[in-house]
Structures are given as structure tokens and as C-alpha cells.
Number of protein chains: 2
Amino acid sequence: MDLKTLFLDNPRRKKIYIEANNGIKIGFTEVELTSTFNADGTETPNQPVRLYDTTGAWSDVDFHFDPSKGLPRRREYYIDRVRNTEVVSVVEPTEKVPFQQRKVKRLKNGETQMYYARRGIITPEMVYVAYRENMAHANGVSGKMSADAPRNSLFIQHRGFKDSFSASQREITPEFVMKEVARGRAIIPANINHPELEPAIIGRNFLVKINTNIGNSSMASSISEEVEKMLWAIKWGSDTLMDLSTGADIHATREWIIRNCPTPVGTVPLYQALEKVGGVAEELNWDIYRDVLIEQAEQGVDYFTIHAGVLREFIPIAAKRMAGIASRGGSIMAKWCLAHNQENFLYTHWDEICEIMAAYDVSFSIGDGLRPGAIADANDEAQFGELKVQGDLCKRAWDFNVQVMCEGPGHVPLQMIGQNMQNQLDWCEEAPFYTLGPLVSDIGAGYDHITAAIGASVIGWGGTAMLCYVTPKEHLGLPDKDDVREGVVTFKLAAHAVDLAKGHPAAQYRDNAMSLARAEFRWVDQINLALDPERAAEFRRKNDKDFSIENATHHHCSMCGPKFCSMRVSKEIKEMFNK
Amino acid sequence: MDLKTLFLDNPRRKKIYIEANNGIKIGFTEVELTSTFNADGTETPNQPVRLYDTTGAWSDVDFHFDPSKGLPRRREYYIDRVRNTEVVSVVEPTEKVPFQQRKVKRLKNGETQMYYARRGIITPEMVYVAYRENMAHANGVSGKMSADAPRNSLFIQHRGFKDSFSASQREITPEFVMKEVARGRAIIPANINHPELEPAIIGRNFLVKINTNIGNSSMASSISEEVEKMLWAIKWGSDTLMDLSTGADIHATREWIIRNCPTPVGTVPLYQALEKVGGVAEELNWDIYRDVLIEQAEQGVDYFTIHAGVLREFIPIAAKRMAGIASRGGSIMAKWCLAHNQENFLYTHWDEICEIMAAYDVSFSIGDGLRPGAIADANDEAQFGELKVQGDLCKRAWDFNVQVMCEGPGHVPLQMIGQNMQNQLDWCEEAPFYTLGPLVSDIGAGYDHITAAIGASVIGWGGTAMLCYVTPKEHLGLPDKDDVREGVVTFKLAAHAVDLAKGHPAAQYRDNAMSLARAEFRWVDQINLALDPERAAEFRRKNDKDFSIENATHHHCSMCGPKFCSMRVSKEIKEMFNK
């Protein structure tokens, strides 16, 4: 795979860095725009548009583009300077995992991001995410595309966007980030053993994030394929990545991913634990699971999905459902509970799990093992019973200063989505909600990225902080890299629609730039401001063979023909009024 | 193109006809299911599932599959028997439009569907649509997939679903159809000169419908390509079709489409009128426009989009927008108004237009020429000013017993969608709303079918009766047949999600059948119950090379491998409880 071409394919989209007041550099994508051609023959240059960027050093022109060398460990300097760590071991390069030597660290006293936030201390990660979020600020804001008064991005009173901005205070400051983390309403998943990470914040008063699931199974896929999927995910804007591998080489696959991934990485440690007992759920036990937790925490996993809310009492209810237990982790733990006639060991060992999480600043993603797998099963007693337990577990984790988000459904029809958000806010103390879709119907096979994006938009608008992508292959097969791209872009779209609806200060700036480009026939800009410029350019070329992203402005378009072009007629009308 | 293969490709999905109590036959797709394999080794057969069908005779096994011969004129018998018509001319076959001789008819006294409904008379079309809508009834409802008590399809109190059903009255009766048409809350667009039509009803107390736009431009496409797009549209479930052709052969293209299209066909007559004046908007006039209306009404067009609400006073407001006037019809009429310094001639001639519509039972689709073309322009004074005028025009059309739906936006962010629906219900007396999306962001180029499906789901849930599809090529080029398929399936998905949310009696039956098939590893059934079985089968084959829609049940799946299959573990748990 030619990774240099993958990341440096567009001369009008460049990586830039902006320096924060503490010296930290934050990367953005800068889209260079073409000029506006005025009616009087003059040209007016347009300011470049800066976009949130998830590609890390992979989009640096001078990067090595070699996954066997991994990303630069830019965060290490700050970890070593400000965190209270001890080195527990040293990982040397091997043939299979050839990355440079790495010191595995622990926090001496569990000083997580939440620990500092609660003491009013702003960490480098908090500064980083504040600058990163505040794109309207990064765009400088001048001229006609001003974000100062975008007519529709008023800061509405909305449950999803509480206590955050006022119309007069349009900046996301490091102080605001700190307060949200302290409150538990946002998390910065950032394991101290993931120095390659560019921190991101997940919480409903920030840009909505999307997660990409990848991972091999015993049936298919290799390490290089998974690394490639990860790179495709970040290229198209994925904010976090879950490695759900269950097959061979589970440890090595994860090492390759973490060392090359600039976004937070999550896992479901239960999968590796199950591999260790030969796939027999009944043979799982706490000791094996704990060892896996520590192994993965020392590798640098930033958040763990843990299905501790699947209590024994809920299993008979879930067994009666149309689709039973649709979550892998949920079904495995249910089987264990039934076999042993004991309570879920993840629940009974919760405090010990919290201690491990705190030692590396790993965040919880409390699993929803009983999420509905069919419309008919939505919002039932098993699902909401587990959600209440997720809320209790959340509060217990906060006692250890461990950051928490809660996972949500699943298959839920439109009219039942609101209740999910409401209950989660009420029962989980506003900890970030992280949902899989929800899918608003069961019959979309082949198009379930869309079924899920519809539900995701609705629940995101209600306040969900992160949307787990779904690919067109959902229910049918494992996604390949093309499916990853399709899923990521679809969910970026849903997330952006929610950012617009919630009035995030950075959101509408880009839509306005796009609409002006459209009205002014600046085709190159329309392509480069789109979520997937490659796809847009490919489609454009079907109607205009000569189109290239280097082209100058076209004053007419080959779609409807000049007589039926509303944009052309509209431009004439505009010019009549501007005379 | 091999049309026989296109429509008869799936041996487990067959066309059946159900006879109504008045002898009319209504077509459905019947999906034959495989048997359930029980834990004790026995098999339980599953009832076939009957689906709403939009393919007309094209899916009859003994059809001629020759577009030059057109569809059988099954509706002609009822028109001739019950309608009060006179023959105005006879169209003979020519080389270019070789269809069998056709008598052009007029209604003597403007006796439209609404005319009859208001007098308490049930027409054959009303019977047809009642049976067609009432799929839960057509499914017979027995056994475990009973639609009698689907847990989540309760008839919720919802603005979108008023005065319609109660939990105890689950049938859509011909009487109910009649009342909704009389009230103006639903329309049956059915020109008496379109005898090939299978009537469909559009109104918010019925299944949500989707519209497909096709049509050539002066730049691209041929008649056979447009016919093929139409056939692809109905194959994947499009409920109505708009022919937006603007290029050469506009009359012949339309003739080929109408004679072969079993769904209602709509047009924007302004496009043909503009062609007649060489594309110069200023040269349009009422006489030319009127002649086009009559020409198209006599061809059998079922509904006309007419941009009569674009009043002079709104144009200066729209000219100041970011994206100006994004509608073709709107920009053309605005230009005309400015050039002549006169009020829109479609507005001033409204009564005469109504008389023409009533003479053929053509329905109005009152255009929204000032719909926003950018997020920044949503819900502005120009848009809502026009919507109020649409409401006035609607009431005036009802005075002539002409059926009406109103068109809606456009580009609207999530949080502003609700106000559109609210205003339309308030100002247009609950006449069916028919929206283009809305698109919830401007930056989705290449994925705008999804941007639009998100908005369509939200506004559909609010009560919009018909959703105009958007294809992935929106803003970039003209759709080809693959784009038509992608757009149609995406919008069927959105429409179905809304039917589920509103609790239509026929909706959840199919989801339940799908979910049971999923839980029982009936892969063949999962494929055949999906909205696009071909796509689902294609994706499935990527993970399971031996998969075919003829295969027997697979007890395991090649996706996650047997150890990590939640459905397998869940099935084991279910069986433990059922022992």
C-alpha cells in the first residue's frame, strides 16, 4: 500500500500546526480555496478553511510512512514532565513487533485526567483538546465567512448542550475542558503508555466524535490489513478506534495498531481472555481477565469496554427476546453466569478493575451487553436494567478518578430513541454516552451504515457524545477497508449534522464555505471542502471528464445545462440586486 | 438490458395477486421463507411474508418485458365503467412512440377522487389503495410472527398519525381512505389518462412514500436510459416517479415512461414550457404554459409541480441568501417576475390551472421554489413566506376538488426541521407534505443520499407523507441507474423507519420476520427479506463464497467464527431456558 499517496494526495489540503500558548502544537487540515470571480471581472481571494484533523503525523510531508517504525512519540515529553510515573518494564523490538524500545509506565498514585481536573489543574491534554475543538478560533474568523454571527448556529437551549456556551462566549477554553472532565461529563481517553496519541475529548458539550471498529477474526484478515483499515479510518476522520480482533496474533496486531494510531484506541479485553481459555466461556475467571487488563493497559490501550452490567437477574428476560443477546461480550458473560450460577465476575471485581484503570489512566467504556439486537427488543427491562447498573458502576469508577463513558444500543426504532438518552442522562450522571447507531430498522442489510446513521443523528442530537460507526457489511460480513471508509464518512456526516444542530462554534463555518463555493461555481473548493474529496471528485468527473482538483473556477456546470441551472440564474438575480 | 432477469431474478420472491371484495386484484411480493430447525431436530415451516409491491406487471412471469409494448391498461376498465368521461382525441402509434392506440379522455364535470370522496363515494382506486396499504391484513397474521400484538408498534399519540387508528382498529379500510381524501389529508394521484397505473395513496396516515427523480438534460442521456432508470426505480420500491427531462425528445421520453410506469408519474411542466421558448425565461407566458399543461395532462401525467408560490415580494429576500434560489423552477419564475415587473403568472392564473387539473384528475404538487439551498438559508422569510402562499393555493385548489400536496425543503439543519413540519401542518391544512430530504448539512457531497435520508427520517416522523429521494450524485452530476438504486433503497429505508415509528400496522411485521431469521441463522431469509436482496447476497458472498439464495439454513456463520458468535451463544442460552 502506498501510504504517502493515501495521505498526501491532495495539494490543496495541507497539514498545518498551530501552537498553543503553552507551546503544544496542534495539527489541522488547511483547505486552500480558489478566488471568487466577481461580476466586474475582479477576483477576491478566499481565506483557507482549517479543519479538525485526525491523521497525526501520517499527513506530515516529511513523515517516513513506514508502519514498522510507528508514529513519533510526541506526547512522551509531556507525560514525563508532568505526570507522576514509574517504569515497570521495558519492551524491546522483536522481529514481529519491531518498534523502538518502549518503557512501560504506571501512575504512582492513580493521577488520571479526572484526578487533576477535580483539583483544578489543567493538563497538557486539556489544552490540546481545547485548541483542537475550537476550530472557529483556529480559523481566525474574518471576512464574509465570519463565524461571529452565523444566523443558524445560535446557541439554543438544548438538553444536549447544557451549561456550556453562551452567545457571547464562543470559545472552548482549557478551563471549560477541565470543568467538564472534573464533572465526569467529558473524558480524554489517554493512556500514559500511548505516547503516539493526539488527545481528543468525548463529551456532549464538544464536537460529536465517531468510533471505528476494526479487527480480525479467526476466519479472516492479517495484521497488515488491520493496520491499513486503521489508516483508512483516520484518513477519513475517525476520532477513536476499537480493535476488536479475536483471531491469532491478537497481541501483535494490537501493538502494530497502537504504535501507529494517533487517535485513542479501545478494546474489549474479554475477547483476548476468551482466546486464552480456548474459546470456552465457562472457563473464564478473574485471574485470567485481570492479567489481560494489565497486559493491554501496558500496551497503551486508551479505553476498555467492560460488560460488568450484565447481571444474572437480567438473563432470563433477555433469553425471551426475539434476538436474544446480540452483544458478543454480553452473551459470553451471560453464559458464564449461567454455567457457574454466580454473579458476573466483572461486576464483583469492579473495584479491582478501577484500580488497574487508574494506574494507567485507561478510561471505561461500560459495555451494554444486553443492547437490543432487534426492533422488537428495544427498551426492554433487560436493556434498561443494565443501563441502571452502568450508572452505578460509573459512580464507583469516579471514586477512583477513572474516566467513564457508557455504551448504548443497538436496534431502536425512531420513537424509542429519546427514552434511551433520557434514561442515560438521568441514571449515569451525564457521563458521555457512546452508542452503536442505533439502527432504526432491522431490514436494511447492505445499507445498515445508513440505518444506523439515521438513529445516530437523532440520539446524537439528544446529547450522545460519540457515535460508533456501522458499515454496509453489518449483519453480513466483516468490513474491508472500503467499508471502513464508507462507514467513517457516513458517521462523520451524522456527527457533523449534530454539531450543526447543537450550535458548536466550529461547525457551520465549513457548511458556509461550501455553500458559497457552490453558489459561486468554485468546483475545486466544493470538492475539497467535502467530507470525502476523492469520492466527490470521482463523481464530478463522471459529468465533467476534464475536472481536476487543480482546475480553475468553472462558470457553468455540465449537469443540467446552462438554461436549467438554478445556480446560474440565481447568480444573475443576485447581481441584478447588487448593481 | 435483460428486463426479465431484472425482475424475475429471485425464485423465492414471487408476484402474487390478492382479490379485493369488489374483484380488483392487488399485487404483492411474496417472500417464501425457509423452515426453522428446532433444537429437537424437527422443522417448523415459516409463513411467507407479503410485501408492498411497486413493480406492476413487470414482475409477472408471463409479461412480455418489452418497453415498446407498454404495460397492460388494467385500470381502463374501471375508468370507463365508473368515471364520467368524454374522448377528446385519439393517439395512434408512430415509429417513435409505438404504443397501441390510446383514447385521450377528459372528465366531463371535473369529478376527481376528491369530488367523489367529499360525496361519500368510494372509488375503485380507494379500494385498491386500502388493500395495498393494509399489508398486515394481507399477511393473514397467524403463528408466532403475529402482527396482532407487536410490542413496539403501539399506536402512539403522535402528531404525524392523527385520527387514524386505534389499537383495536388495525385495518386501513376503503372508508378510511375516502375520509382522508375528502379531508385533503391524503391524495391518490391518478390521471384518467394513465390507465397503466396501480394507484397509491400519499398522506401521513398511510405508509410513507418515496419519489424518484429521473430525466435527461440537454447534456446527457437517451430515452432508453431514462426508461431503464424508471424500471430500476420501481424494482427497488419507488412509489412515484418524476420525469424532470429538459433535453431533446421531452414529449417522447415522457410517453415511453408513462406507458411503462405502474406508479404515479409527476413532472414540472415549466421545463417543457421553457424549452418551447428556447430557454429564455423572459419569453415565457401563460398561453405557452397552459398548452404544455394540457399536453401533459392528456399524456397521463398524474401530478404537476407548479411554482406558483414564488411571489415577487420574496425575490429580494432570496437574492440576499448565501445560496440564492436553489430550485430550477423557482429561479426561472423569479427571473420572469423581475424581467416583467409583474406577479408570477402561475399565481395569477391559478384558477384556470385548477380547472385543467380537475378535467383529468391531475394532482398538484405545489412547488417550493424558494426552498433553502444552504444550511445558512434555512427557515428564512422567503421560504416561509412562500409556504404560507402554498397554503392559500391549496385551499383554492380544493374549491375545484383538485387533490394537493405541498413540496418542502431542501437544506435544513436538524434543529430547524420541526418548524417546517409544524408550519406546513398549520398553514396548508394538513395537505400531504412532500419534501426533498431535507439535507441536514452542506458538506456531504458524494454521500448526500445519506445527508438527505437523515433529514427525511426526522421530517417523515413528524408527519411528512412523501420523501423525495436524493442520490449520491446530488450537487455533483446526473444520477445513472446505479445511483437511482442507491437513492431508492436509502429512502425506502428512511420511509420504513418512519412507518415503524408511527406504528403503521403493516410495518414491523417485516422487521420481526427478519430478526427471527437472524436469530435462527436462516441466511436465505435474511437476504430475501432485506430491502435490496441482491446487494445483501453480494455482500454475504464476500464472507461465504458458497452462499446462494437457494441454500439451506446455516447453523454457524463465517463472520466472527463460532466462538465469538453472540447469536450462537444466545441461541444456546435460549435453549437452556426453554428446556
# chains A, B, ... in the order shown; residues from 1 in each chain; ligands from 1
$ residues_around --residues "stretch 419-427 of chain B" --least-positions-apart "6" --cutoff "8 Å" --atoms "only C-alpha atoms" --output "PyMOL selection string"
chain B and resi 379+387-388+391-392+408+433+459+462-464
$ interface_residues --of "chain A" --to "chain B" --cutoff "6 Å" --atoms "only C-alpha atoms" --output "PyMOL selection string"
chain A and resi 217+279+319+323-328+331+374+413-415+440-446+454+476-477+497+501+511+515+519+530+535-536+540+543+559-560+563+566+569-570+574
$ select_by_dssp --residues "stretch 338-458 of chain A" --states "helix (DSSP H, G or I)" --output "PyMOL selection string"
chain A and resi 338-340+345-348+350-360+375-377+381-398+414-427+448-458
$ write_last_selection --atoms "C-alpha atoms" --output "short mmCIF file (atom, residue, chain, number, x, y, z; two decimals), in the first residue's frame"
data_model
loop_
_atom_site.label_atom_id
_atom_site.label_comp_id
_atom_site.auth_asym_id
_atom_site.auth_seq_id
_atom_site.Cartn_x
_atom_site.Cartn_y
_atom_site.Cartn_z
CA LEU A 338 -25.44 -19.48 33.96
CA ALA A 339 -22.68 -22.09 33.95
CA HIS A 340 -21.38 -21.05 37.37
CA PHE A 345 -17.22 -11.60 37.86
CA LEU A 346 -16.63 -8.27 36.15
CA TYR A 347 -19.26 -6.78 38.43
CA THR A 348 -17.96 -8.40 41.60
CA TRP A 350 -15.25 -3.79 39.81
CA ASP A 351 -13.13 -2.00 42.41
CA GLU A 352 -10.04 -4.00 41.46
CA ILE A 353 -10.68 -3.19 37.81
CA CYS A 354 -10.91 0.51 38.70
CA GLU A 355 -7.53 0.37 40.45
CA ILE A 356 -5.91 -1.07 37.34
CA MET A 357 -7.57 1.56 35.10
CA ALA A 358 -6.38 4.38 37.37
CA ALA A 359 -2.79 3.13 37.29
CA TYR A 360 -2.52 3.81 33.54
CA ILE A 375 -36.57 -3.54 16.91
CA ALA A 376 -38.93 -5.80 18.84
CA ASP A 377 -36.48 -5.97 21.75
CA GLU A 381 -36.44 -4.48 31.05
CA ALA A 382 -33.14 -6.25 30.42
CA GLN A 383 -31.71 -3.30 28.49
CA PHE A 384 -32.77 -0.62 30.95
CA GLY A 385 -31.94 -2.81 33.93
CA GLU A 386 -28.38 -2.98 32.68
CA LEU A 387 -28.28 0.77 31.99
CA LYS A 388 -29.13 1.47 35.63
CA VAL A 389 -26.26 -0.79 36.69
CA GLN A 390 -23.99 1.06 34.24
CA GLY A 391 -24.90 4.22 36.15
CA ASP A 392 -23.91 2.68 39.49
CA LEU A 393 -20.66 1.38 38.07
CA CYS A 394 -19.93 4.81 36.65
CA LYS A 395 -20.20 6.46 40.04
CA ARG A 396 -17.99 3.82 41.62
CA ALA A 397 -15.36 4.39 38.92
CA TRP A 398 -15.39 8.11 39.62
CA LEU A 414 -37.06 6.26 15.99
CA GLN A 415 -39.80 6.88 18.51
CA MET A 416 -37.98 4.98 21.28
CA ILE A 417 -34.57 6.62 20.90
CA GLY A 418 -35.35 9.62 23.11
CA GLN A 419 -36.06 7.44 26.13
CA ASN A 420 -32.60 5.91 25.85
CA MET A 421 -30.92 9.29 26.00
CA GLN A 422 -33.16 10.48 28.80
CA ASN A 423 -32.51 7.43 30.96
CA GLN A 424 -28.79 7.54 30.32
CA LEU A 425 -28.59 11.20 31.36
CA ASP A 426 -30.68 10.51 34.44
CA TRP A 427 -29.08 7.27 35.56
CA ASP A 448 -27.04 -0.62 7.60
CA HIS A 449 -24.47 2.17 7.78
CA ILE A 450 -27.42 4.35 6.77
CA THR A 451 -29.96 2.65 9.06
CA ALA A 452 -27.52 3.37 11.87
CA ALA A 453 -26.59 6.91 10.79
CA ILE A 454 -30.25 7.90 10.96
CA GLY A 455 -30.54 6.70 14.55
CA ALA A 456 -27.12 8.11 15.41
CA SER A 457 -28.15 11.57 14.22
CA VAL A 458 -31.26 11.50 16.36
#
$ residues_around --residues "B:Met405" --least-positions-apart "6" --cutoff "8 Å" --atoms "only C-alpha atoms" --output "NGL selection string"
:B and (187 or 363-366 or 394 or 431-434)
$ atom_distance --atom1 "atom CA of B:Ser548" --atom2 "atom CA of B:Trp232"
22.6 Å
$ closest_atom_pairs --of "stretch 183-295 of chain A" --to "stretch 75-79 of chain A" --cutoff "7 Å" --atoms "only C-alpha atoms" --output "JSON lines"
{"residue": "A:Ile192", "atom": "CA", "partner": "A:Ile79", "partner_atom": "CA", "distance": 6.7}
{"residue": "A:Pro195", "atom": "CA", "partner": "A:Arg75", "partner_atom": "CA", "distance": 4.7}
{"residue": "A:Glu196", "atom": "CA", "partner": "A:Arg75", "partner_atom": "CA", "distance": 6.2}
{"residue": "A:Leu197", "atom": "CA", "partner": "A:Arg75", "partner_atom": "CA", "distance": 6.7}
$ decode --residues "stretch 473-484 of chain A" --atoms "N, CA and C atoms" --output "PDB file, in the first residue's frame"
ATOM      1  N   LYS A 473     -21.488  -3.635   5.649  1.00  0.00           N
ATOM      2  CA  LYS A 473     -21.401  -5.090   5.826  1.00  0.00           C
ATOM      3  C   LYS A 473     -22.070  -5.579   7.109  1.00  0.00           C
ATOM      4  N   GLU A 474     -22.504  -4.683   7.960  1.00  0.00           N
ATOM      5  CA  GLU A 474     -23.131  -5.081   9.228  1.00  0.00           C
ATOM      6  C   GLU A 474     -24.171  -6.170   8.992  1.00  0.00           C
ATOM      7  N   HIS A 475     -24.139  -7.203   9.816  1.00  0.00           N
ATOM      8  CA  HIS A 475     -25.043  -8.358   9.729  1.00  0.00           C
ATOM      9  C   HIS A 475     -24.704  -9.308   8.591  1.00  0.00           C
ATOM     10  N   LEU A 476     -23.724  -8.948   7.747  1.00  0.00           N
ATOM     11  CA  LEU A 476     -23.470  -9.779   6.562  1.00  0.00           C
ATOM     12  C   LEU A 476     -22.038 -10.306   6.479  1.00  0.00           C
ATOM     13  N   GLY A 477     -21.092  -9.555   7.038  1.00  0.00           N
ATOM     14  CA  GLY A 477     -19.705  -9.979   6.929  1.00  0.00           C
ATOM     15  C   GLY A 477     -18.787  -8.980   7.594  1.00  0.00           C
ATOM     16  N   LEU A 478     -17.478  -9.272   7.609  1.00  0.00           N
ATOM     17  CA  LEU A 478     -16.517  -8.349   8.199  1.00  0.00           C
ATOM     18  C   LEU A 478     -16.198  -7.233   7.214  1.00  0.00           C
ATOM     19  N   PRO A 479     -16.073  -6.004   7.702  1.00  0.00           N
ATOM     20  CA  PRO A 479     -15.780  -4.895   6.791  1.00  0.00           C
ATOM     21  C   PRO A 479     -14.357  -4.966   6.231  1.00  0.00           C
ATOM     22  N   ASP A 480     -14.203  -4.603   4.980  1.00  0.00           N
ATOM     23  CA  ASP A 480     -12.869  -4.388   4.445  1.00  0.00           C
ATOM     24  C   ASP A 480     -12.585  -2.878   4.458  1.00  0.00           C
ATOM     25  N   LYS A 481     -11.453  -2.470   3.902  1.00  0.00           N
ATOM     26  CA  LYS A 481     -11.101  -1.053   4.047  1.00  0.00           C
ATOM     27  C   LYS A 481     -12.083  -0.125   3.334  1.00  0.00           C
ATOM     28  N   ASP A 482     -12.667  -0.586   2.231  1.00  0.00           N
ATOM     29  CA  ASP A 482     -13.671   0.246   1.553  1.00  0.00           C
ATOM     30  C   ASP A 482     -14.903   0.444   2.438  1.00  0.00           C
ATOM     31  N   ASP A 483     -15.273  -0.622   3.144  1.00  0.00           N
ATOM     32  CA  ASP A 483     -16.408  -0.495   4.074  1.00  0.00           C
ATOM     33  C   ASP A 483     -16.068   0.460   5.212  1.00  0.00           C
ATOM     34  N   VAL A 484     -14.801   0.403   5.666  1.00  0.00           N
ATOM     35  CA  VAL A 484     -14.371   1.309   6.734  1.00  0.00           C
ATOM     36  C   VAL A 484     -14.548   2.757   6.276  1.00  0.00           C
TER      37      VAL A 484
END
